[in-house]
$ cat run08.cif   # mmCIF, C-alpha atoms
data_input
loop_
_atom_site.group_PDB
_atom_site.id
_atom_site.type_symbol
_atom_site.label_atom_id
_atom_site.label_comp_id
_atom_site.auth_asym_id
_atom_site.auth_seq_id
_atom_site.Cartn_x
_atom_site.Cartn_y
_atom_site.Cartn_z
ATOM 1 C CA MET A 1 10.063 9.435 29.667
ATOM 2 C CA THR A 2 11.141 6.249 31.432
ATOM 3 C CA GLY A 3 8.354 4.758 33.501
ATOM 4 C CA VAL A 4 5.528 6.369 31.475
ATOM 5 C CA ALA A 5 2.524 4.055 31.458
ATOM 6 C CA VAL A 6 1.158 2.682 28.185
ATOM 7 C CA ALA A 7 -2.062 4.566 27.479
ATOM 8 C CA PHE A 8 -2.990 3.267 24.039
ATOM 9 C CA VAL A 9 -2.787 -0.402 23.042
ATOM 10 C CA LEU A 10 -3.802 -0.560 19.402
ATOM 11 C CA VAL A 11 -4.167 -3.561 17.085
ATOM 12 C CA LEU A 12 -3.012 -2.921 13.505
ATOM 13 C CA ALA A 13 -4.315 -5.216 10.743
ATOM 14 C CA THR A 14 -1.831 -5.804 7.897
ATOM 15 C CA ALA A 15 -2.094 -8.655 5.328
ATOM 16 C CA THR A 16 -0.662 -12.078 4.465
ATOM 17 C CA PRO A 17 3.050 -12.778 5.080
ATOM 18 C CA GLY A 18 5.240 -12.218 2.031
ATOM 19 C CA GLY A 19 3.510 -9.054 0.890
ATOM 20 C CA GLY A 20 4.324 -5.405 1.416
ATOM 21 C CA PHE A 21 1.784 -4.654 4.155
ATOM 22 C CA PRO A 22 3.253 -6.916 6.880
ATOM 23 C CA VAL A 23 6.700 -5.439 6.168
ATOM 24 C CA PHE A 24 5.336 -1.916 6.462
ATOM 25 C CA GLY A 25 3.287 -2.788 9.536
ATOM 26 C CA ALA A 26 6.340 -4.151 11.317
ATOM 27 C CA ALA A 27 8.424 -1.042 10.586
ATOM 28 C CA PHE A 28 5.550 1.287 11.476
ATOM 29 C CA SER A 29 4.782 -0.373 14.800
ATOM 30 C CA GLU A 30 8.423 -0.808 15.829
ATOM 31 C CA THR A 31 9.275 2.824 15.061
ATOM 32 C CA LEU A 32 6.271 4.320 16.838
ATOM 33 C CA ASN A 33 6.475 1.976 19.833
ATOM 34 C CA ALA A 34 10.134 2.861 20.349
ATOM 35 C CA ALA A 35 9.478 6.588 20.041
ATOM 36 C CA GLU A 36 6.383 6.951 22.204
ATOM 37 C CA PRO A 37 6.187 4.964 25.481
ATOM 38 C CA ARG A 38 2.456 5.589 25.780
ATOM 39 C CA LEU A 39 1.829 3.712 22.533
ATOM 40 C CA ARG A 40 1.850 -0.032 21.977
ATOM 41 C CA ILE A 41 0.880 -1.064 18.469
ATOM 42 C CA GLU A 42 0.421 -4.795 17.926
ATOM 43 C CA THR A 43 0.283 -6.096 14.343
ATOM 44 C CA ARG A 44 -2.074 -8.799 13.129
ATOM 45 C CA ASN A 45 -1.798 -10.665 9.826
ATOM 46 C CA THR A 46 -5.044 -10.765 7.827
ATOM 47 C CA LYS A 47 -6.160 -11.575 4.291
ATOM 48 C CA GLY A 48 -5.488 -7.969 3.319
ATOM 49 C CA SER A 49 -7.534 -4.896 2.512
ATOM 50 C CA SER A 50 -10.750 -6.762 1.706
ATOM 51 C CA GLU A 51 -10.774 -8.158 5.251
ATOM 52 C CA ASN A 52 -9.325 -5.087 6.931
ATOM 53 C CA VAL A 53 -12.181 -2.775 5.989
ATOM 54 C CA PRO A 54 -14.926 -4.924 7.583
ATOM 55 C CA LEU A 55 -12.676 -5.622 10.588
ATOM 56 C CA LEU A 56 -12.505 -1.889 11.184
ATOM 57 C CA GLU A 57 -16.239 -1.465 10.738
ATOM 58 C CA ALA A 58 -16.852 -4.241 13.274
ATOM 59 C CA ARG A 59 -14.323 -2.597 15.622
ATOM 60 C CA LYS A 60 -12.337 -5.821 15.843
ATOM 61 C CA VAL A 61 -9.093 -3.931 15.155
ATOM 62 C CA ASP A 62 -8.110 -0.353 15.943
ATOM 63 C CA LEU A 63 -6.016 0.429 12.869
ATOM 64 C CA ALA A 64 -5.648 -1.170 9.462
ATOM 65 C CA LEU A 65 -3.575 -0.818 6.327
ATOM 66 C CA VAL A 66 -5.854 -0.350 3.326
ATOM 67 C CA ALA A 67 -4.655 -0.363 -0.280
ATOM 68 C CA GLY A 68 -5.648 2.334 -2.734
ATOM 69 C CA GLU A 69 -8.510 0.653 -4.585
ATOM 70 C CA TYR A 70 -10.230 -0.440 -1.385
ATOM 71 C CA ALA A 71 -9.435 2.822 0.370
ATOM 72 C CA ALA A 72 -10.949 4.908 -2.417
ATOM 73 C CA ALA A 73 -14.124 2.807 -2.430
ATOM 74 C CA ALA A 74 -14.463 2.920 1.364
ATOM 75 C CA LEU A 75 -13.935 6.673 1.558
ATOM 76 C CA ALA A 76 -16.375 7.345 -1.294
ATOM 77 C CA LYS A 77 -19.340 5.775 0.506
ATOM 78 C CA PRO A 78 -21.965 8.258 1.715
ATOM 79 C CA ASP A 79 -21.557 8.793 5.466
ATOM 80 C CA THR A 80 -18.451 6.586 5.481
ATOM 81 C CA PRO A 81 -17.308 5.676 9.012
ATOM 82 C CA HIS A 82 -13.674 5.434 7.908
ATOM 83 C CA ARG A 83 -11.092 8.022 8.883
ATOM 84 C CA ILE A 84 -7.478 8.420 7.847
ATOM 85 C CA ILE A 85 -4.613 8.353 10.333
ATOM 86 C CA ALA A 86 -1.833 8.623 7.768
ATOM 87 C CA ALA A 87 -1.010 8.160 4.119
ATOM 88 C CA MET A 88 1.331 5.196 3.627
ATOM 89 C CA TYR A 89 2.733 5.401 0.107
ATOM 90 C CA SER A 90 1.698 5.663 -3.511
ATOM 91 C CA SER A 91 1.657 2.410 -5.436
ATOM 92 C CA PRO A 92 2.699 2.455 -9.109
ATOM 93 C CA GLY A 93 1.473 -0.844 -10.546
ATOM 94 C CA LEU A 94 3.892 -2.934 -12.598
ATOM 95 C CA PHE A 95 4.381 -6.415 -13.991
ATOM 96 C CA ILE A 96 7.617 -8.368 -13.720
ATOM 97 C CA VAL A 97 8.706 -11.258 -15.945
ATOM 98 C CA ARG A 98 11.718 -13.533 -15.955
ATOM 99 C CA GLY A 99 14.796 -12.131 -17.627
ATOM 100 C CA ASP A 100 14.521 -14.683 -20.453
ATOM 101 C CA SER A 101 10.864 -13.896 -21.173
ATOM 102 C CA ALA A 102 9.930 -12.726 -24.680
ATOM 103 C CA ALA A 103 7.305 -10.356 -23.226
ATOM 104 C CA ARG A 104 8.148 -6.679 -23.609
ATOM 105 C CA ARG A 105 4.717 -5.049 -23.325
ATOM 106 C CA ILE A 106 1.601 -5.710 -21.250
ATOM 107 C CA ALA A 107 -0.167 -6.835 -24.442
ATOM 108 C CA ASP A 108 2.385 -9.656 -24.739
ATOM 109 C CA LEU A 109 0.808 -11.214 -21.620
ATOM 110 C CA LYS A 110 -2.526 -11.728 -23.369
ATOM 111 C CA GLY A 111 -3.921 -15.183 -22.647
ATOM 112 C CA LYS A 112 -1.048 -16.123 -20.341
ATOM 113 C CA PRO A 113 -1.142 -17.012 -16.625
ATOM 114 C CA VAL A 114 -0.428 -13.934 -14.516
ATOM 115 C CA VAL A 115 -0.178 -13.792 -10.730
ATOM 116 C CA LEU A 116 -2.163 -10.742 -9.620
ATOM 117 C CA GLY A 117 -1.616 -11.182 -5.877
ATOM 118 C CA THR A 118 -3.516 -12.508 -2.914
ATOM 119 C CA GLN A 119 -7.282 -12.874 -2.903
ATOM 120 C CA GLY A 120 -7.962 -10.039 -0.488
ATOM 121 C CA SER A 121 -5.349 -7.557 -1.670
ATOM 122 C CA GLY A 122 -6.012 -4.123 -3.094
ATOM 123 C CA ILE A 123 -2.952 -4.624 -5.275
ATOM 124 C CA THR A 124 -4.762 -7.520 -6.950
ATOM 125 C CA VAL A 125 -7.669 -5.208 -7.687
ATOM 126 C CA LEU A 126 -5.291 -2.639 -9.191
ATOM 127 C CA GLY A 127 -3.756 -5.252 -11.500
ATOM 128 C CA ARG A 128 -7.177 -6.439 -12.610
ATOM 129 C CA THR A 129 -8.250 -2.834 -13.224
ATOM 130 C CA ILE A 130 -5.207 -2.162 -15.421
ATOM 131 C CA LEU A 131 -5.754 -5.295 -17.503
ATOM 132 C CA HIS A 132 -9.485 -4.722 -17.897
ATOM 133 C CA SER A 133 -8.946 -1.079 -18.857
ATOM 134 C CA LEU A 134 -6.530 -2.133 -21.595
ATOM 135 C CA GLU A 135 -8.808 -5.023 -22.639
ATOM 136 C CA ILE A 136 -6.005 -7.529 -22.219
ATOM 137 C CA PRO A 137 -7.417 -10.853 -20.993
ATOM 138 C CA VAL A 138 -5.092 -13.109 -19.018
ATOM 139 C CA THR A 139 -5.473 -16.244 -16.958
ATOM 140 C CA GLU A 140 -5.659 -14.691 -13.501
ATOM 141 C CA ILE A 141 -3.883 -16.402 -10.622
ATOM 142 C CA THR A 142 -4.692 -15.323 -7.088
ATOM 143 C CA LEU A 143 -2.875 -16.725 -4.089
ATOM 144 C CA GLU A 144 -3.478 -17.523 -0.458
ATOM 145 C CA LYS A 145 0.039 -16.369 0.411
ATOM 146 C CA ALA A 146 1.915 -13.581 -1.368
ATOM 147 C CA ALA A 147 5.202 -15.344 -0.632
ATOM 148 C CA ASP A 148 4.270 -18.111 -3.105
ATOM 149 C CA ALA A 149 4.482 -15.795 -6.130
ATOM 150 C CA PRO A 150 8.235 -15.795 -6.986
ATOM 151 C CA ALA A 151 8.405 -19.589 -7.174
ATOM 152 C CA MET A 152 5.502 -19.662 -9.635
ATOM 153 C CA LEU A 153 7.257 -17.213 -11.930
ATOM 154 C CA ASP A 154 10.577 -18.983 -11.526
ATOM 155 C CA ASP A 155 9.285 -22.442 -12.480
ATOM 156 C CA GLY A 156 7.064 -21.267 -15.341
ATOM 157 C CA ARG A 157 3.635 -21.744 -13.786
ATOM 158 C CA ALA A 158 3.142 -18.018 -14.305
ATOM 159 C CA ALA A 159 4.329 -15.789 -17.140
ATOM 160 C CA ALA A 160 4.290 -12.618 -15.072
ATOM 161 C CA LEU A 161 3.671 -11.260 -11.610
ATOM 162 C CA PHE A 162 1.850 -8.036 -10.780
ATOM 163 C CA GLY A 163 2.790 -5.851 -7.843
ATOM 164 C CA ALA A 164 3.108 -2.234 -6.835
ATOM 165 C CA GLY A 165 5.399 0.268 -5.211
ATOM 166 C CA LEU A 166 8.695 0.271 -3.385
ATOM 167 C CA GLY A 167 9.824 -2.631 -1.256
ATOM 168 C CA TRP A 168 7.449 -5.212 -2.730
ATOM 169 C CA PRO A 169 9.086 -8.453 -1.518
ATOM 170 C CA ALA A 170 8.262 -10.531 -4.601
ATOM 171 C CA PHE A 171 9.595 -7.790 -6.890
ATOM 172 C CA ALA A 172 12.798 -7.626 -4.864
ATOM 173 C CA ALA A 173 13.288 -11.391 -5.129
ATOM 174 C CA MET A 174 12.599 -11.558 -8.864
ATOM 175 C CA ALA A 175 14.607 -8.433 -9.729
ATOM 176 C CA LYS A 176 17.586 -9.840 -7.851
ATOM 177 C CA ALA A 177 17.232 -13.005 -9.937
ATOM 178 C CA GLY A 178 17.337 -11.002 -13.178
ATOM 179 C CA GLY A 179 13.643 -10.277 -13.652
ATOM 180 C CA ARG A 180 12.511 -7.487 -15.960
ATOM 181 C CA PHE A 181 9.726 -4.966 -15.321
ATOM 182 C CA ILE A 182 6.915 -4.168 -17.727
ATOM 183 C CA ALA A 183 5.033 -0.898 -17.273
ATOM 184 C CA PRO A 184 2.192 0.683 -19.245
ATOM 185 C CA ASP A 185 3.317 3.089 -21.946
ATOM 186 C CA ALA A 186 2.111 6.689 -22.189
ATOM 187 C CA ARG A 187 -0.895 5.807 -24.342
ATOM 188 C CA GLU A 188 -1.899 2.989 -22.015
ATOM 189 C CA ILE A 189 -1.543 5.211 -18.951
ATOM 190 C CA GLU A 190 -3.861 7.755 -20.573
ATOM 191 C CA ALA A 191 -6.426 5.045 -21.384
ATOM 192 C CA ILE A 192 -6.347 3.604 -17.852
ATOM 193 C CA LEU A 193 -6.755 7.013 -16.213
ATOM 194 C CA ALA A 194 -9.616 7.955 -18.547
ATOM 195 C CA LYS A 195 -11.575 4.902 -17.393
ATOM 196 C CA ASN A 196 -10.570 5.143 -13.716
ATOM 197 C CA PRO A 197 -10.614 8.708 -12.356
ATOM 198 C CA ALA A 198 -9.739 7.499 -8.844
ATOM 199 C CA LEU A 199 -6.306 6.379 -10.085
ATOM 200 C CA LYS A 200 -3.418 8.815 -10.477
ATOM 201 C CA PRO A 201 -0.141 8.868 -12.418
ATOM 202 C CA ALA A 202 2.545 7.242 -10.258
ATOM 203 C CA THR A 203 6.203 6.549 -10.957
ATOM 204 C CA LEU A 204 8.580 3.969 -9.547
ATOM 205 C CA PRO A 205 11.867 5.831 -8.977
ATOM 206 C CA ALA A 206 15.008 4.590 -10.698
ATOM 207 C CA ARG A 207 17.053 2.003 -8.794
ATOM 208 C CA SER A 208 14.164 1.031 -6.545
ATOM 209 C CA TYR A 209 15.028 -2.597 -7.330
ATOM 210 C CA PRO A 210 18.169 -4.399 -8.546
ATOM 211 C CA GLY A 211 18.766 -3.845 -12.253
ATOM 212 C CA GLN A 212 16.036 -1.192 -12.575
ATOM 213 C CA ASP A 213 18.130 1.729 -13.797
ATOM 214 C CA THR A 214 15.373 4.016 -15.089
ATOM 215 C CA ALA A 215 12.203 5.439 -13.561
ATOM 216 C CA LEU A 216 9.043 3.577 -14.583
ATOM 217 C CA PRO A 217 5.880 5.689 -15.030
ATOM 218 C CA SER A 218 2.601 3.903 -14.336
ATOM 219 C CA VAL A 219 -0.675 4.437 -12.493
ATOM 220 C CA GLY A 220 -1.620 3.840 -8.903
ATOM 221 C CA SER A 221 -3.239 5.238 -5.814
ATOM 222 C CA TRP A 222 -2.408 5.977 -2.186
ATOM 223 C CA SER A 223 -2.658 3.368 0.519
ATOM 224 C CA PHE A 224 -3.612 4.552 3.993
ATOM 225 C CA VAL A 225 -3.582 3.718 7.678
ATOM 226 C CA PHE A 226 -7.270 3.789 8.637
ATOM 227 C CA ALA A 227 -8.756 4.082 12.123
ATOM 228 C CA ARG A 228 -11.764 2.175 13.412
ATOM 229 C CA PRO A 229 -14.949 4.153 14.002
ATOM 230 C CA GLY A 230 -14.816 5.741 17.434
ATOM 231 C CA LEU A 231 -11.047 5.644 17.890
ATOM 232 C CA PRO A 232 -10.508 8.287 20.617
ATOM 233 C CA ASP A 233 -9.257 11.645 19.441
ATOM 234 C CA ASP A 234 -6.370 11.608 21.929
ATOM 235 C CA ALA A 235 -5.124 8.279 20.548
ATOM 236 C CA ALA A 236 -5.232 9.607 16.985
ATOM 237 C CA TYR A 237 -3.508 12.820 18.091
ATOM 238 C CA VAL A 238 -0.630 10.906 19.704
ATOM 239 C CA LEU A 239 -0.311 8.700 16.606
ATOM 240 C CA ALA A 240 -0.121 11.711 14.279
ATOM 241 C CA ARG A 241 2.400 13.518 16.479
ATOM 242 C CA THR A 242 4.589 10.430 16.805
ATOM 243 C CA ILE A 243 4.502 9.741 13.064
ATOM 244 C CA HIS A 244 5.377 13.349 12.254
ATOM 245 C CA ARG A 245 8.266 13.529 14.711
ATOM 246 C CA ASN A 246 9.704 10.199 13.528
ATOM 247 C CA GLU A 247 9.279 10.361 9.762
ATOM 248 C CA ALA A 248 13.047 10.182 9.205
ATOM 249 C CA ALA A 249 13.412 7.178 11.524
ATOM 250 C CA LEU A 250 10.601 5.347 9.742
ATOM 251 C CA ALA A 251 12.108 6.103 6.330
ATOM 252 C CA ALA A 252 15.498 4.853 7.531
ATOM 253 C CA LYS A 253 13.937 1.591 8.647
ATOM 254 C CA LEU A 254 11.938 0.990 5.449
ATOM 255 C CA ASP A 255 12.565 2.566 2.051
ATOM 256 C CA GLN A 256 8.926 2.667 0.930
ATOM 257 C CA ALA A 257 8.010 4.530 4.121
ATOM 258 C CA ARG A 258 9.768 7.636 2.780
ATOM 259 C CA GLU A 259 6.319 8.735 1.636
ATOM 260 C CA THR A 260 4.718 8.168 5.048
ATOM 261 C CA THR A 261 4.579 11.788 6.120
ATOM 262 C CA MET A 262 1.868 13.935 7.593
ATOM 263 C CA ALA A 263 2.336 16.421 4.745
ATOM 264 C CA ASN A 264 1.542 13.622 2.279
ATOM 265 C CA THR A 265 -1.444 12.682 4.429
ATOM 266 C CA VAL A 266 -2.917 16.143 3.904
ATOM 267 C CA ALA A 267 -2.160 16.017 0.169
ATOM 268 C CA ALA A 268 -3.446 12.482 -0.413
ATOM 269 C CA ALA A 269 -6.689 12.629 1.584
ATOM 270 C CA PRO A 270 -9.662 13.058 -0.791
ATOM 271 C CA ARG A 271 -11.206 15.557 1.648
ATOM 272 C CA VAL A 272 -9.933 17.076 4.893
ATOM 273 C CA GLU A 273 -12.960 15.819 6.829
ATOM 274 C CA LEU A 274 -11.919 12.233 6.041
ATOM 275 C CA ILE A 275 -8.817 12.724 8.196
ATOM 276 C CA HIS A 276 -9.454 11.673 11.799
ATOM 277 C CA PRO A 277 -10.373 14.677 14.001
ATOM 278 C CA GLY A 278 -7.529 13.902 16.418
ATOM 279 C CA VAL A 279 -5.085 13.902 13.504
ATOM 280 C CA GLN A 280 -6.569 17.151 12.205
ATOM 281 C CA LYS A 281 -5.990 18.744 15.599
ATOM 282 C CA TYR A 282 -2.298 17.840 15.498
ATOM 283 C CA LEU A 283 -1.918 18.902 11.859
ATOM 284 C CA ARG A 284 -3.267 22.348 12.681
ATOM 285 C CA GLU A 285 -0.941 22.699 15.659
ATOM 286 C CA ALA A 286 1.985 21.662 13.455
ATOM 287 C CA GLY A 287 1.036 24.176 10.765
ATOM 288 C CA LEU A 288 0.308 21.507 8.156
ATOM 289 C CA LEU A 289 -3.411 22.197 7.959
ATOM 290 C CA ARG A 290 -5.308 25.467 8.108
#
$ encode --input "run08.cif" --output "structure tokens"
Amino acid sequence: MTGVAVAFVLVLATATPGGGFPVFGAAFSETLNAAEPRLRIETRNTKGSSENVPLLEARKVDLALVAGEYAAAALAKPDTPHRIIAAMYSSPGLFIVRGDSAARRIADLKGKPVVLGTQGSGITVLGRTILHSLEIPVTEITLEKAADAPAMLDDGRAAALFGAGLGWPAFAAMAKAGGRFIAPDAREIEAILAKNPALKPATLPARSYPGQDTALPSVGSWSFVFARPGLPDDAAYVLARTIHRNEAALAAKLDQARETTMANTVAAAPRVELIHPGVQKYLREAGLLR
């Protein structure tokens, strides 16, 4: 396919450096650009999901990564303009504390300073939802840059850090330094889900991070790659085909992208009609959608 002209130049909105979305966006764009000469995906750092949704609606970007809480709200709107290109990954929400912390349960964080994430992140919303559902008040810390979080936990300005899913950079840094995860127990998971039907049970697999030898059940939701209103069907079709044909390459590049499959896209979408029509066309051709 040497010499094939680029047909689709697409801008992908991610989030602030130091978080999981820019890492995913880089792997996603590099994998697809290398596999399909007609595609050129360019990433753009933003404030996160809270900015990405209006950027899409204003057609200032072509694609955007949107975390579960924001994605669910956007897709639930009557006559929503948002359409799904692909499911990214599920995001089990967890807290991490220093290895020498006395905290063993989420309730032990009551009244203490806890970093929930950046101001525009859907992960921050998930952490707040978990705490509110369990009626555990903390001193919330939100950041301009996700990369600032590990230092705050390390020097004692924060008692815990909230994050979600595989490959979360701050979790990786703190786990490597001996940090310990705190997850909701079975009773707490039941209480959170009862108050938040949009959330689902989600588990962090064992050995996802250094020192984490057992699987950690929690709650979470799916994050998605959204398309702007009016993204041409042929562009969405090529995206879906390229993702599907290069799922293994994407997973090899980034561990958390193991869940970025077109089969998971069908399973995670709240309704089939919320999947972009161009993606639906490819899914039917590939036998993944009837």
$ resolve_selection --input "run08.cif" --expression "the PyMOL selection byres ((chain A and resi 247) around 12)" --output "number ranges by chain"
A: 27-28, 31-32, 35, 86-88, 239-246, 248-264
$ resolve_selection --input "run08.cif" --expression "the PyMOL selection byres ((chain A and resi 169-185) around 6)" --output "VMD selection string"
chain A and resid 94 to 99 150 167 to 168 186 to 189 210 218
$ residues_near_point --input "run08.cif" --point "(-2.1, -16.5, -12.0)" --cutoff "8 Å" --atoms "all atoms listed in the file" --output "list in words"
Pro113, Val114, Val115, Leu116, Thr139, Glu140, Ile141, Thr142, Leu143, Arg157, Ala158 and Leu161 of chain A
$ closest_atom_pairs --input "run08.cif" --of "region 66-123 of chain A" --to "region 45-54 of chain A" --cutoff "12 Å" --atoms "all atoms listed in the file" --output "CSV"
residue,atom,partner,partner_atom,distance
A:Val66,CA,A:Ser49,CA,4.9
A:Ala67,CA,A:Ser49,CA,6.1
A:Gly68,CA,A:Ser49,CA,9.1
A:Glu69,CA,A:Ser49,CA,9.1
A:Tyr70,CA,A:Ser49,CA,6.5
A:Ala71,CA,A:Ser49,CA,8.2
A:Ala72,CA,A:Val53,CA,11.5
A:Ala73,CA,A:Val53,CA,10.3
A:Ala74,CA,A:Val53,CA,7.7
A:Leu75,CA,A:Val53,CA,10.6
A:Thr80,CA,A:Val53,CA,11.3
A:Pro81,CA,A:Val53,CA,10.3
A:His82,CA,A:Val53,CA,8.6
A:Arg83,CA,A:Val53,CA,11.2
A:Gly117,CA,A:Gly48,CA,10.5
A:Thr118,CA,A:Lys47,CA,7.7
A:Gln119,CA,A:Lys47,CA,7.4
A:Gly120,CA,A:Ser50,CA,4.8
A:Ser121,CA,A:Gly48,CA,5.0
A:Gly122,CA,A:Ser49,CA,5.9
A:Ile123,CA,A:Ser49,CA,9.0
$ residues_around --input "run08.cif" --residues "Val225 (chain A)" --least-positions-apart "5" --cutoff "6 Å" --atoms "only C-alpha atoms" --output "list in words"
Ala64, Leu65, Ile85 and Ala86 of chain A
$ write_last_selection --input "run08.cif" --atoms "C-alpha atoms" --output "PDB file, keeping the file's coordinate frame"
ATOM      1  CA  ALA A  64      -5.648  -1.170   9.462  1.00  0.00           C
ATOM      2  CA  LEU A  65      -3.575  -0.818   6.327  1.00  0.00           C
ATOM      3  CA  ILE A  85      -4.613   8.353  10.333  1.00  0.00           C
ATOM      4  CA  ALA A  86      -1.833   8.623   7.768  1.00  0.00           C
TER       5      ALA A  86
END
$ closest_residue --input "run08.cif" --among "A:Val4, A:Val266, A:Val219, A:Leu289" --to "Leu126 (chain A)" --atoms "only C-alpha atoms"
A:Val219
